[in-house]
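Peer 1: Got protein32.cif for you, mmCIF, N, CA and C atoms:
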```cif
data_run
#
loop_
_atom_site.label_atom_id
_atom_site.label_comp_id
_atom_site.auth_asym_id
_atom_site.auth_seq_id
_atom_site.Cartn_x
_atom_site.Cartn_y
_atom_site.Cartn_z
N MET A 142 0.86 -1.17 0.00
CA MET A 142 0.00 0.00 0.00
C MET A 142 0.91 1.23 0.00
N SER A 143 0.59 2.19 -0.86
CA SER A 143 1.41 3.40 -0.92
C SER A 143 1.24 4.23 0.35
N ARG A 144 2.18 5.14 0.55
CA ARG A 144 2.12 6.01 1.73
C ARG A 144 0.82 6.82 1.73
N TYR A 145 0.42 7.32 0.55
CA TYR A 145 -0.83 8.09 0.44
C TYR A 145 -2.03 7.22 0.85
N HIS A 146 -2.09 5.99 0.32
CA HIS A 146 -3.21 5.11 0.63
C HIS A 146 -3.22 4.73 2.11
N GLU A 147 -2.04 4.55 2.68
CA GLU A 147 -1.96 4.23 4.11
C GLU A 147 -2.49 5.38 4.96
N MET A 148 -2.11 6.61 4.62
CA MET A 148 -2.60 7.79 5.36
C MET A 148 -4.11 7.93 5.19
N LYS A 149 -4.60 7.72 3.98
CA LYS A 149 -6.04 7.79 3.71
C LYS A 149 -6.78 6.73 4.52
N PHE A 150 -6.24 5.52 4.54
CA PHE A 150 -6.83 4.41 5.29
C PHE A 150 -6.94 4.78 6.77
N ARG A 151 -5.86 5.28 7.35
CA ARG A 151 -5.87 5.63 8.78
C ARG A 151 -6.85 6.75 9.08
N ALA A 152 -6.89 7.78 8.24
CA ALA A 152 -7.79 8.91 8.48
C ALA A 152 -9.25 8.47 8.39
N VAL A 153 -9.57 7.74 7.34
CA VAL A 153 -10.97 7.32 7.13
C VAL A 153 -11.41 6.33 8.20
N THR A 154 -10.58 5.35 8.52
CA THR A 154 -11.00 4.35 9.50
C THR A 154 -11.10 4.96 10.91
N THR A 155 -10.25 5.91 11.23
CA THR A 155 -10.36 6.58 12.53
C THR A 155 -11.67 7.35 12.61
N PHE A 156 -12.02 8.08 11.55
CA PHE A 156 -13.29 8.81 11.53
C PHE A 156 -14.46 7.84 11.65
N GLN A 157 -14.43 6.77 10.86
CA GLN A 157 -15.53 5.80 10.89
C GLN A 157 -15.68 5.18 12.27
N ARG A 158 -14.58 4.77 12.86
CA ARG A 158 -14.62 4.08 14.15
C ARG A 158 -15.12 4.99 15.28
N ARG A 159 -14.69 6.25 15.27
CA ARG A 159 -15.01 7.14 16.38
C ARG A 159 -16.26 7.98 16.19
N ILE A 160 -16.62 8.30 14.96
CA ILE A 160 -17.74 9.22 14.73
C ILE A 160 -18.83 8.60 13.85
N GLY A 161 -18.46 8.22 12.63
CA GLY A 161 -19.45 7.75 11.66
C GLY A 161 -20.22 6.51 12.08
N ASN A 162 -19.51 5.44 12.38
CA ASN A 162 -20.18 4.18 12.72
C ASN A 162 -21.05 4.26 13.97
N PRO A 163 -20.56 4.88 15.07
CA PRO A 163 -21.45 4.98 16.24
C PRO A 163 -22.76 5.71 15.94
N MET A 164 -22.70 6.74 15.11
CA MET A 164 -23.93 7.47 14.76
C MET A 164 -24.83 6.62 13.87
N LEU A 165 -24.26 5.99 12.85
CA LEU A 165 -25.05 5.20 11.91
C LEU A 165 -25.69 3.98 12.57
N ARG A 166 -24.99 3.37 13.53
CA ARG A 166 -25.55 2.19 14.21
C ARG A 166 -26.87 2.51 14.93
N GLN A 167 -27.09 3.77 15.29
CA GLN A 167 -28.30 4.17 16.01
C GLN A 167 -29.52 4.30 15.10
N LEU A 168 -29.30 4.42 13.79
CA LEU A 168 -30.42 4.60 12.87
C LEU A 168 -31.17 3.28 12.70
N PRO A 169 -32.49 3.30 12.90
CA PRO A 169 -33.25 2.04 12.90
C PRO A 169 -33.25 1.30 11.56
N ASN A 170 -33.11 2.02 10.45
CA ASN A 170 -33.15 1.34 9.15
C ASN A 170 -31.77 1.16 8.52
N GLN A 171 -30.71 1.50 9.26
CA GLN A 171 -29.35 1.30 8.74
C GLN A 171 -29.04 -0.18 8.67
N THR A 172 -28.52 -0.62 7.54
CA THR A 172 -28.10 -2.01 7.39
C THR A 172 -26.83 -2.21 8.20
N LEU A 173 -26.81 -3.27 9.02
CA LEU A 173 -25.66 -3.58 9.85
C LEU A 173 -25.16 -4.99 9.56
N LEU A 174 -23.86 -5.15 9.61
CA LEU A 174 -23.23 -6.46 9.53
C LEU A 174 -22.68 -6.76 10.91
N GLU A 175 -23.11 -7.87 11.50
CA GLU A 175 -22.60 -8.27 12.81
C GLU A 175 -21.68 -9.47 12.65
N THR A 176 -20.41 -9.26 13.02
CA THR A 176 -19.42 -10.33 13.03
C THR A 176 -19.06 -10.62 14.47
N THR A 177 -18.27 -11.67 14.66
CA THR A 177 -17.75 -11.98 15.99
C THR A 177 -16.29 -11.55 16.02
N GLY A 178 -15.93 -10.74 17.01
CA GLY A 178 -14.54 -10.27 17.13
C GLY A 178 -13.58 -11.44 17.21
N ARG A 179 -12.58 -11.43 16.36
CA ARG A 179 -11.67 -12.57 16.28
C ARG A 179 -10.81 -12.73 17.53
N THR A 180 -10.61 -11.66 18.30
CA THR A 180 -9.82 -11.73 19.54
C THR A 180 -10.73 -11.73 20.75
N SER A 181 -11.69 -10.81 20.75
CA SER A 181 -12.56 -10.65 21.93
C SER A 181 -13.68 -11.68 22.00
N GLY A 182 -14.13 -12.16 20.84
CA GLY A 182 -15.28 -13.05 20.82
C GLY A 182 -16.61 -12.32 20.98
N LEU A 183 -16.55 -10.98 21.03
CA LEU A 183 -17.75 -10.16 21.21
C LEU A 183 -18.38 -9.80 19.86
N PRO A 184 -19.70 -9.55 19.85
CA PRO A 184 -20.34 -9.12 18.61
C PRO A 184 -19.81 -7.75 18.20
N ARG A 185 -19.54 -7.58 16.90
CA ARG A 185 -19.07 -6.32 16.33
C ARG A 185 -20.02 -5.92 15.22
N ARG A 186 -20.66 -4.77 15.37
CA ARG A 186 -21.65 -4.31 14.40
C ARG A 186 -21.10 -3.16 13.57
N THR A 187 -21.14 -3.34 12.27
CA THR A 187 -20.60 -2.36 11.34
C THR A 187 -21.69 -1.93 10.36
N PRO A 188 -21.94 -0.62 10.24
CA PRO A 188 -22.87 -0.15 9.21
C PRO A 188 -22.30 -0.45 7.82
N VAL A 189 -23.12 -1.00 6.97
CA VAL A 189 -22.69 -1.32 5.61
C VAL A 189 -23.77 -0.89 4.63
N GLY A 190 -23.37 -0.77 3.40
CA GLY A 190 -24.32 -0.55 2.31
C GLY A 190 -24.27 -1.78 1.43
N GLY A 191 -25.36 -2.37 1.20
CA GLY A 191 -25.39 -3.57 0.38
C GLY A 191 -26.81 -3.82 -0.09
N ARG A 192 -27.00 -4.97 -0.69
CA ARG A 192 -28.34 -5.29 -1.21
C ARG A 192 -28.56 -6.78 -1.12
N ARG A 193 -29.80 -7.10 -0.72
CA ARG A 193 -30.23 -8.50 -0.70
C ARG A 193 -30.68 -8.87 -2.11
N VAL A 194 -30.19 -10.03 -2.56
CA VAL A 194 -30.59 -10.59 -3.85
C VAL A 194 -30.99 -12.03 -3.58
N GLY A 195 -32.29 -12.26 -3.44
CA GLY A 195 -32.77 -13.60 -3.09
C GLY A 195 -32.28 -14.01 -1.71
N LYS A 196 -31.54 -15.12 -1.64
CA LYS A 196 -31.02 -15.64 -0.36
C LYS A 196 -29.58 -15.18 -0.11
N GLU A 197 -29.14 -14.14 -0.85
CA GLU A 197 -27.79 -13.61 -0.67
C GLU A 197 -27.85 -12.13 -0.34
N PHE A 198 -26.86 -11.68 0.39
CA PHE A 198 -26.67 -10.26 0.65
C PHE A 198 -25.26 -9.92 0.18
N TRP A 199 -25.15 -8.90 -0.68
CA TRP A 199 -23.86 -8.50 -1.24
C TRP A 199 -23.45 -7.13 -0.72
N LEU A 200 -22.15 -6.98 -0.44
CA LEU A 200 -21.57 -5.69 -0.08
C LEU A 200 -20.15 -5.63 -0.62
N VAL A 201 -19.56 -4.44 -0.60
CA VAL A 201 -18.18 -4.28 -1.02
C VAL A 201 -17.41 -3.61 0.11
N SER A 202 -16.32 -4.27 0.52
CA SER A 202 -15.44 -3.73 1.54
C SER A 202 -14.48 -2.74 0.88
N GLU A 203 -14.39 -1.54 1.45
CA GLU A 203 -13.54 -0.52 0.84
C GLU A 203 -12.06 -0.76 1.06
N TYR A 204 -11.70 -1.57 2.06
CA TYR A 204 -10.29 -1.85 2.34
C TYR A 204 -9.96 -3.32 2.27
N GLY A 205 -10.79 -4.10 1.62
CA GLY A 205 -10.50 -5.50 1.38
C GLY A 205 -10.11 -6.26 2.63
N GLU A 206 -9.01 -6.98 2.54
CA GLU A 206 -8.54 -7.84 3.64
C GLU A 206 -8.10 -7.04 4.86
N LYS A 207 -7.89 -5.72 4.73
CA LYS A 207 -7.50 -4.90 5.89
C LYS A 207 -8.71 -4.50 6.74
N SER A 208 -9.91 -4.60 6.19
CA SER A 208 -11.11 -4.24 6.95
C SER A 208 -11.26 -5.17 8.14
N GLN A 209 -11.57 -4.58 9.28
CA GLN A 209 -11.70 -5.39 10.49
C GLN A 209 -12.79 -6.44 10.34
N TYR A 210 -13.92 -6.07 9.71
CA TYR A 210 -14.99 -7.06 9.58
C TYR A 210 -14.60 -8.18 8.63
N VAL A 211 -13.78 -7.93 7.63
CA VAL A 211 -13.31 -9.00 6.75
C VAL A 211 -12.37 -9.92 7.52
N ARG A 212 -11.51 -9.35 8.34
CA ARG A 212 -10.62 -10.16 9.17
C ARG A 212 -11.43 -11.01 10.15
N ASN A 213 -12.52 -10.44 10.70
CA ASN A 213 -13.40 -11.22 11.59
C ASN A 213 -14.09 -12.34 10.82
N ILE A 214 -14.52 -12.06 9.60
CA ILE A 214 -15.18 -13.08 8.76
C ILE A 214 -14.21 -14.22 8.47
N ARG A 215 -12.96 -13.90 8.20
CA ARG A 215 -11.96 -14.95 7.95
C ARG A 215 -11.81 -15.87 9.16
N ALA A 216 -11.91 -15.30 10.36
CA ALA A 216 -11.78 -16.10 11.59
C ALA A 216 -13.05 -16.87 11.90
N ASN A 217 -14.21 -16.29 11.59
CA ASN A 217 -15.50 -16.93 11.87
C ASN A 217 -16.53 -16.38 10.88
N PRO A 218 -16.88 -17.15 9.86
CA PRO A 218 -17.77 -16.64 8.81
C PRO A 218 -19.25 -16.54 9.19
N LYS A 219 -19.62 -17.03 10.38
CA LYS A 219 -21.02 -16.92 10.80
C LYS A 219 -21.29 -15.47 11.19
N VAL A 220 -22.28 -14.86 10.53
CA VAL A 220 -22.60 -13.45 10.74
C VAL A 220 -24.11 -13.28 10.84
N ARG A 221 -24.50 -12.05 11.16
CA ARG A 221 -25.89 -11.64 11.05
C ARG A 221 -25.91 -10.32 10.28
N VAL A 222 -26.99 -10.11 9.53
CA VAL A 222 -27.17 -8.86 8.79
C VAL A 222 -28.53 -8.29 9.16
N ARG A 223 -28.55 -7.02 9.55
CA ARG A 223 -29.83 -6.36 9.82
C ARG A 223 -30.24 -5.60 8.57
N ILE A 224 -31.34 -6.05 7.98
CA ILE A 224 -31.87 -5.45 6.76
C ILE A 224 -33.26 -4.93 7.06
N ARG A 225 -33.47 -3.63 6.88
CA ARG A 225 -34.77 -3.00 7.16
C ARG A 225 -35.28 -3.34 8.56
N GLY A 226 -34.36 -3.33 9.53
CA GLY A 226 -34.74 -3.54 10.92
C GLY A 226 -34.87 -4.98 11.36
N ARG A 227 -34.68 -5.94 10.46
CA ARG A 227 -34.83 -7.36 10.81
C ARG A 227 -33.49 -8.07 10.65
N TRP A 228 -33.14 -8.87 11.65
CA TRP A 228 -31.87 -9.61 11.64
C TRP A 228 -32.01 -10.92 10.88
N HIS A 229 -30.97 -11.23 10.09
CA HIS A 229 -30.90 -12.47 9.31
C HIS A 229 -29.55 -13.13 9.58
N ALA A 230 -29.56 -14.41 9.90
CA ALA A 230 -28.32 -15.16 10.09
C ALA A 230 -27.77 -15.58 8.74
N GLY A 231 -26.46 -15.73 8.68
CA GLY A 231 -25.86 -16.17 7.42
C GLY A 231 -24.40 -16.52 7.57
N THR A 232 -23.82 -16.91 6.45
CA THR A 232 -22.40 -17.24 6.37
C THR A 232 -21.78 -16.32 5.32
N ALA A 233 -20.74 -15.59 5.72
CA ALA A 233 -20.12 -14.61 4.85
C ALA A 233 -18.91 -15.21 4.12
N HIS A 234 -18.72 -14.75 2.88
CA HIS A 234 -17.63 -15.23 2.05
C HIS A 234 -17.02 -14.05 1.29
N PRO A 235 -15.76 -13.70 1.54
CA PRO A 235 -15.09 -12.76 0.64
C PRO A 235 -15.02 -13.41 -0.74
N VAL A 236 -15.27 -12.62 -1.79
CA VAL A 236 -15.30 -13.17 -3.15
C VAL A 236 -14.32 -12.38 -4.02
N PRO A 237 -13.01 -12.69 -3.92
CA PRO A 237 -12.01 -11.91 -4.65
C PRO A 237 -12.15 -12.01 -6.17
N GLN A 238 -12.76 -13.08 -6.68
CA GLN A 238 -12.91 -13.22 -8.13
C GLN A 238 -14.04 -12.36 -8.70
N ASP A 239 -14.90 -11.80 -7.84
CA ASP A 239 -15.98 -10.92 -8.27
C ASP A 239 -15.40 -9.52 -8.55
N ASP A 240 -15.93 -8.84 -9.54
CA ASP A 240 -15.48 -7.48 -9.87
C ASP A 240 -16.18 -6.49 -8.93
N PRO A 241 -15.46 -5.93 -7.93
CA PRO A 241 -16.13 -5.07 -6.95
C PRO A 241 -16.67 -3.77 -7.55
N ARG A 242 -16.03 -3.24 -8.59
CA ARG A 242 -16.54 -2.01 -9.22
C ARG A 242 -17.86 -2.29 -9.95
N ALA A 243 -17.94 -3.41 -10.61
CA ALA A 243 -19.21 -3.81 -11.25
C ALA A 243 -20.26 -4.09 -10.18
N ARG A 244 -19.86 -4.74 -9.09
CA ARG A 244 -20.79 -5.03 -8.00
C ARG A 244 -21.36 -3.74 -7.42
N LEU A 245 -20.51 -2.72 -7.23
CA LEU A 245 -20.97 -1.44 -6.67
C LEU A 245 -22.08 -0.82 -7.52
N ARG A 246 -22.06 -1.06 -8.82
CA ARG A 246 -23.10 -0.50 -9.70
C ARG A 246 -24.46 -1.13 -9.43
N THR A 247 -24.50 -2.27 -8.73
CA THR A 247 -25.77 -2.94 -8.42
C THR A 247 -26.24 -2.65 -6.99
N LEU A 248 -25.43 -1.92 -6.23
CA LEU A 248 -25.73 -1.66 -4.82
C LEU A 248 -26.21 -0.22 -4.64
N PRO A 249 -26.74 0.13 -3.46
CA PRO A 249 -27.26 1.49 -3.23
C PRO A 249 -26.23 2.56 -3.61
N ARG A 250 -26.71 3.56 -4.37
CA ARG A 250 -25.83 4.57 -4.97
C ARG A 250 -25.00 5.38 -3.99
N PHE A 251 -25.61 5.88 -2.93
CA PHE A 251 -24.89 6.77 -2.01
C PHE A 251 -23.71 6.04 -1.38
N ASN A 252 -23.96 4.86 -0.83
CA ASN A 252 -22.89 4.09 -0.22
C ASN A 252 -21.84 3.69 -1.24
N SER A 253 -22.28 3.29 -2.43
CA SER A 253 -21.33 2.88 -3.47
C SER A 253 -20.41 4.02 -3.86
N ALA A 254 -20.94 5.23 -3.94
CA ALA A 254 -20.11 6.39 -4.26
C ALA A 254 -19.06 6.62 -3.18
N ALA A 255 -19.46 6.48 -1.92
CA ALA A 255 -18.51 6.66 -0.81
C ALA A 255 -17.44 5.58 -0.83
N VAL A 256 -17.81 4.34 -1.09
CA VAL A 256 -16.84 3.25 -1.13
C VAL A 256 -15.85 3.49 -2.27
N ARG A 257 -16.34 3.91 -3.44
CA ARG A 257 -15.44 4.19 -4.57
C ARG A 257 -14.49 5.34 -4.24
N ALA A 258 -15.01 6.39 -3.58
CA ALA A 258 -14.21 7.57 -3.28
C ALA A 258 -13.17 7.31 -2.19
N LEU A 259 -13.54 6.55 -1.17
CA LEU A 259 -12.68 6.37 -0.01
C LEU A 259 -11.84 5.09 -0.05
N GLY A 260 -12.31 4.11 -0.77
CA GLY A 260 -11.66 2.81 -0.76
C GLY A 260 -10.35 2.77 -1.53
N THR A 261 -9.49 1.87 -1.10
CA THR A 261 -8.20 1.70 -1.77
C THR A 261 -7.98 0.26 -2.23
N ASP A 262 -8.76 -0.68 -1.72
CA ASP A 262 -8.56 -2.09 -2.06
C ASP A 262 -9.92 -2.79 -1.97
N LEU A 263 -10.74 -2.60 -2.97
CA LEU A 263 -12.12 -3.08 -2.93
C LEU A 263 -12.19 -4.60 -2.98
N LEU A 264 -13.16 -5.14 -2.22
CA LEU A 264 -13.36 -6.60 -2.17
C LEU A 264 -14.85 -6.87 -2.01
N SER A 265 -15.40 -7.68 -2.90
CA SER A 265 -16.80 -8.09 -2.78
C SER A 265 -16.94 -9.13 -1.68
N VAL A 266 -18.08 -9.02 -0.95
CA VAL A 266 -18.38 -9.99 0.11
C VAL A 266 -19.83 -10.44 -0.10
N ARG A 267 -20.04 -11.76 -0.09
CA ARG A 267 -21.37 -12.33 -0.21
C ARG A 267 -21.73 -13.01 1.10
N VAL A 268 -22.94 -12.75 1.57
CA VAL A 268 -23.46 -13.44 2.75
C VAL A 268 -24.58 -14.34 2.28
N ASP A 269 -24.42 -15.64 2.49
CA ASP A 269 -25.48 -16.61 2.19
C ASP A 269 -26.40 -16.62 3.40
N LEU A 270 -27.61 -16.12 3.21
CA LEU A 270 -28.58 -16.00 4.30
C LEU A 270 -29.24 -17.35 4.57
N SER A 271 -29.40 -17.68 5.83
CA SER A 271 -30.00 -18.98 6.18
C SER A 271 -31.45 -18.85 6.61
N ASP A 272 -31.93 -17.61 6.75
CA ASP A 272 -33.36 -17.45 7.10
C ASP A 272 -33.97 -16.34 6.30
#
```
Go ahead and render the structure in this file as structure tokens.

Peer 2:
Amino acid sequence: MSRYHEMKFRAVTTFQRRIGNPMLRQLPNQTLLETTGRTSGLPRRTPVGGRRVGKEFWLVSEYGEKSQYVRNIRANPKVRVRIRGRWHAGTAHPVPQDDPRARLRTLPRFNSAAVRALGTDLLSVRVDLSD
């Protein structure tokens, strides 16, 4: 990762962790991805933008394998997704062979624009929903 991308990553993730995510988690209709902390074992809820397609939920991680929730998924792929206020259990899979820029064109516009603008290493993630 270049020095510029590293600085961008640190600035954006610090803002998200301290300001953006805590505010967004409070919104009743915000889509959330709940993973299990790979070290703590505690639930970790991250606001995401994505879309349900049948029994799948798709999202794009703006920092790929560096994203904390992707690292948590690698350790334990069992997740929950809150869509329109309702929780759904599922199994998450990073999908590196999927084109994340093409995927973003199928997801909600506002979030997709932010991911394109802020992201440095895009990675598609599919959650196979079990309910």

Peer 1: Decode the PyMOL selection byres (((chain A and resi 236 and name CA) around 7) and name CA) for the given file into explicit residues and return them as a ChimeraX atom specification.

Peer 2: /A:234-235,237-239,264-267

Peer 1: Go ahead and compute the interatomic distance for atom N of Thr187 (chain A) and CA of Val222 (chain A), in Å to one decimal.

Peer 2: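 Computed distance, atom N of Thr187 (chain A) to CA of Val222 (chain A), equals 8.9 Å.
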
Peer 1: Can you list what the PyMOL selection byres (((chain A and resi 214 and name CA) around 10) and name CA) grabs from this structure, as a PDB file with N, CA and C atoms, in the coordinates of the input?

Peer 2:
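Output contents, as saved in result.pdb:
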```pdb
ATOM      1  N   GLU A 175     -23.110  -7.870  11.500  1.00  0.00           N
ATOM      2  CA  GLU A 175     -22.600  -8.270  12.810  1.00  0.00           C
ATOM      3  C   GLU A 175     -21.680  -9.470  12.650  1.00  0.00           C
ATOM      4  N   THR A 176     -20.410  -9.260  13.020  1.00  0.00           N
ATOM      5  CA  THR A 176     -19.420 -10.330  13.030  1.00  0.00           C
ATOM      6  C   THR A 176     -19.060 -10.620  14.470  1.00  0.00           C
ATOM      7  N   THR A 177     -18.270 -11.670  14.660  1.00  0.00           N
ATOM      8  CA  THR A 177     -17.750 -11.980  15.990  1.00  0.00           C
ATOM      9  C   THR A 177     -16.290 -11.550  16.020  1.00  0.00           C
ATOM     10  N   GLY A 178     -15.930 -10.740  17.010  1.00  0.00           N
ATOM     11  CA  GLY A 178     -14.540 -10.270  17.130  1.00  0.00           C
ATOM     12  C   GLY A 178     -13.580 -11.440  17.210  1.00  0.00           C
ATOM     13  N   ARG A 179     -12.580 -11.430  16.360  1.00  0.00           N
ATOM     14  CA  ARG A 179     -11.670 -12.570  16.280  1.00  0.00           C
ATOM     15  C   ARG A 179     -10.810 -12.730  17.530  1.00  0.00           C
ATOM     16  N   GLU A 206      -9.010  -6.980   2.540  1.00  0.00           N
ATOM     17  CA  GLU A 206      -8.540  -7.840   3.640  1.00  0.00           C
ATOM     18  C   GLU A 206      -8.100  -7.040   4.860  1.00  0.00           C
ATOM     19  N   SER A 208      -9.910  -4.600   6.190  1.00  0.00           N
ATOM     20  CA  SER A 208     -11.110  -4.240   6.950  1.00  0.00           C
ATOM     21  C   SER A 208     -11.260  -5.170   8.140  1.00  0.00           C
ATOM     22  N   GLN A 209     -11.570  -4.580   9.280  1.00  0.00           N
ATOM     23  CA  GLN A 209     -11.700  -5.390  10.490  1.00  0.00           C
ATOM     24  C   GLN A 209     -12.790  -6.440  10.340  1.00  0.00           C
ATOM     25  N   TYR A 210     -13.920  -6.070   9.710  1.00  0.00           N
ATOM     26  CA  TYR A 210     -14.990  -7.060   9.580  1.00  0.00           C
ATOM     27  C   TYR A 210     -14.600  -8.180   8.630  1.00  0.00           C
ATOM     28  N   VAL A 211     -13.780  -7.930   7.630  1.00  0.00           N
ATOM     29  CA  VAL A 211     -13.310  -9.000   6.750  1.00  0.00           C
ATOM     30  C   VAL A 211     -12.370  -9.920   7.520  1.00  0.00           C
ATOM     31  N   ARG A 212     -11.510  -9.350   8.340  1.00  0.00           N
ATOM     32  CA  ARG A 212     -10.620 -10.160   9.170  1.00  0.00           C
ATOM     33  C   ARG A 212     -11.430 -11.010  10.150  1.00  0.00           C
ATOM     34  N   ASN A 213     -12.520 -10.440  10.700  1.00  0.00           N
ATOM     35  CA  ASN A 213     -13.400 -11.220  11.590  1.00  0.00           C
ATOM     36  C   ASN A 213     -14.090 -12.340  10.820  1.00  0.00           C
ATOM     37  N   ARG A 215     -12.960 -13.900   8.200  1.00  0.00           N
ATOM     38  CA  ARG A 215     -11.960 -14.950   7.950  1.00  0.00           C
ATOM     39  C   ARG A 215     -11.810 -15.870   9.160  1.00  0.00           C
ATOM     40  N   ALA A 216     -11.910 -15.300  10.360  1.00  0.00           N
ATOM     41  CA  ALA A 216     -11.780 -16.100  11.590  1.00  0.00           C
ATOM     42  C   ALA A 216     -13.050 -16.870  11.900  1.00  0.00           C
ATOM     43  N   ASN A 217     -14.210 -16.290  11.590  1.00  0.00           N
ATOM     44  CA  ASN A 217     -15.500 -16.930  11.870  1.00  0.00           C
ATOM     45  C   ASN A 217     -16.530 -16.380  10.880  1.00  0.00           C
ATOM     46  N   PRO A 218     -16.880 -17.150   9.860  1.00  0.00           N
ATOM     47  CA  PRO A 218     -17.770 -16.640   8.810  1.00  0.00           C
ATOM     48  C   PRO A 218     -19.250 -16.540   9.190  1.00  0.00           C
ATOM     49  N   LYS A 219     -19.620 -17.030  10.380  1.00  0.00           N
ATOM     50  CA  LYS A 219     -21.020 -16.920  10.800  1.00  0.00           C
ATOM     51  C   LYS A 219     -21.290 -15.470  11.190  1.00  0.00           C
ATOM     52  N   VAL A 220     -22.280 -14.860  10.530  1.00  0.00           N
ATOM     53  CA  VAL A 220     -22.600 -13.450  10.740  1.00  0.00           C
ATOM     54  C   VAL A 220     -24.110 -13.280  10.840  1.00  0.00           C
ATOM     55  N   THR A 232     -23.820 -16.910   6.450  1.00  0.00           N
ATOM     56  CA  THR A 232     -22.400 -17.240   6.370  1.00  0.00           C
ATOM     57  C   THR A 232     -21.780 -16.320   5.320  1.00  0.00           C
ATOM     58  N   ALA A 233     -20.740 -15.590   5.720  1.00  0.00           N
ATOM     59  CA  ALA A 233     -20.120 -14.610   4.850  1.00  0.00           C
ATOM     60  C   ALA A 233     -18.910 -15.210   4.120  1.00  0.00           C
ATOM     61  N   HIS A 234     -18.720 -14.750   2.880  1.00  0.00           N
ATOM     62  CA  HIS A 234     -17.630 -15.230   2.050  1.00  0.00           C
ATOM     63  C   HIS A 234     -17.020 -14.050   1.290  1.00  0.00           C
ATOM     64  N   PRO A 235     -15.760 -13.700   1.540  1.00  0.00           N
ATOM     65  CA  PRO A 235     -15.090 -12.760   0.640  1.00  0.00           C
ATOM     66  C   PRO A 235     -15.020 -13.410  -0.740  1.00  0.00           C
ATOM     67  N   VAL A 266     -18.080  -9.020  -0.950  1.00  0.00           N
ATOM     68  CA  VAL A 266     -18.380  -9.990   0.110  1.00  0.00           C
ATOM     69  C   VAL A 266     -19.830 -10.440  -0.100  1.00  0.00           C
TER      70      VAL A 266
END
```

Peer 1: With distances taken over only N, CA and C atoms, which of A:Ala258, A:Leu263, A:Ile224, A:Leu173 is nearest to Asp240 (chain A)?

Peer 2: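 Closest to Asp240 (chain A) of all the choices is A:Leu263.
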
Peer 1: So which one's closest to Tyr204 (chain A), A:Ala243, A:Leu259, A:Ala254, A:Val189? Using all atoms listed in the file, please.

Peer 2: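 Smallest distance to Tyr204 (chain A) is found for A:Leu259.
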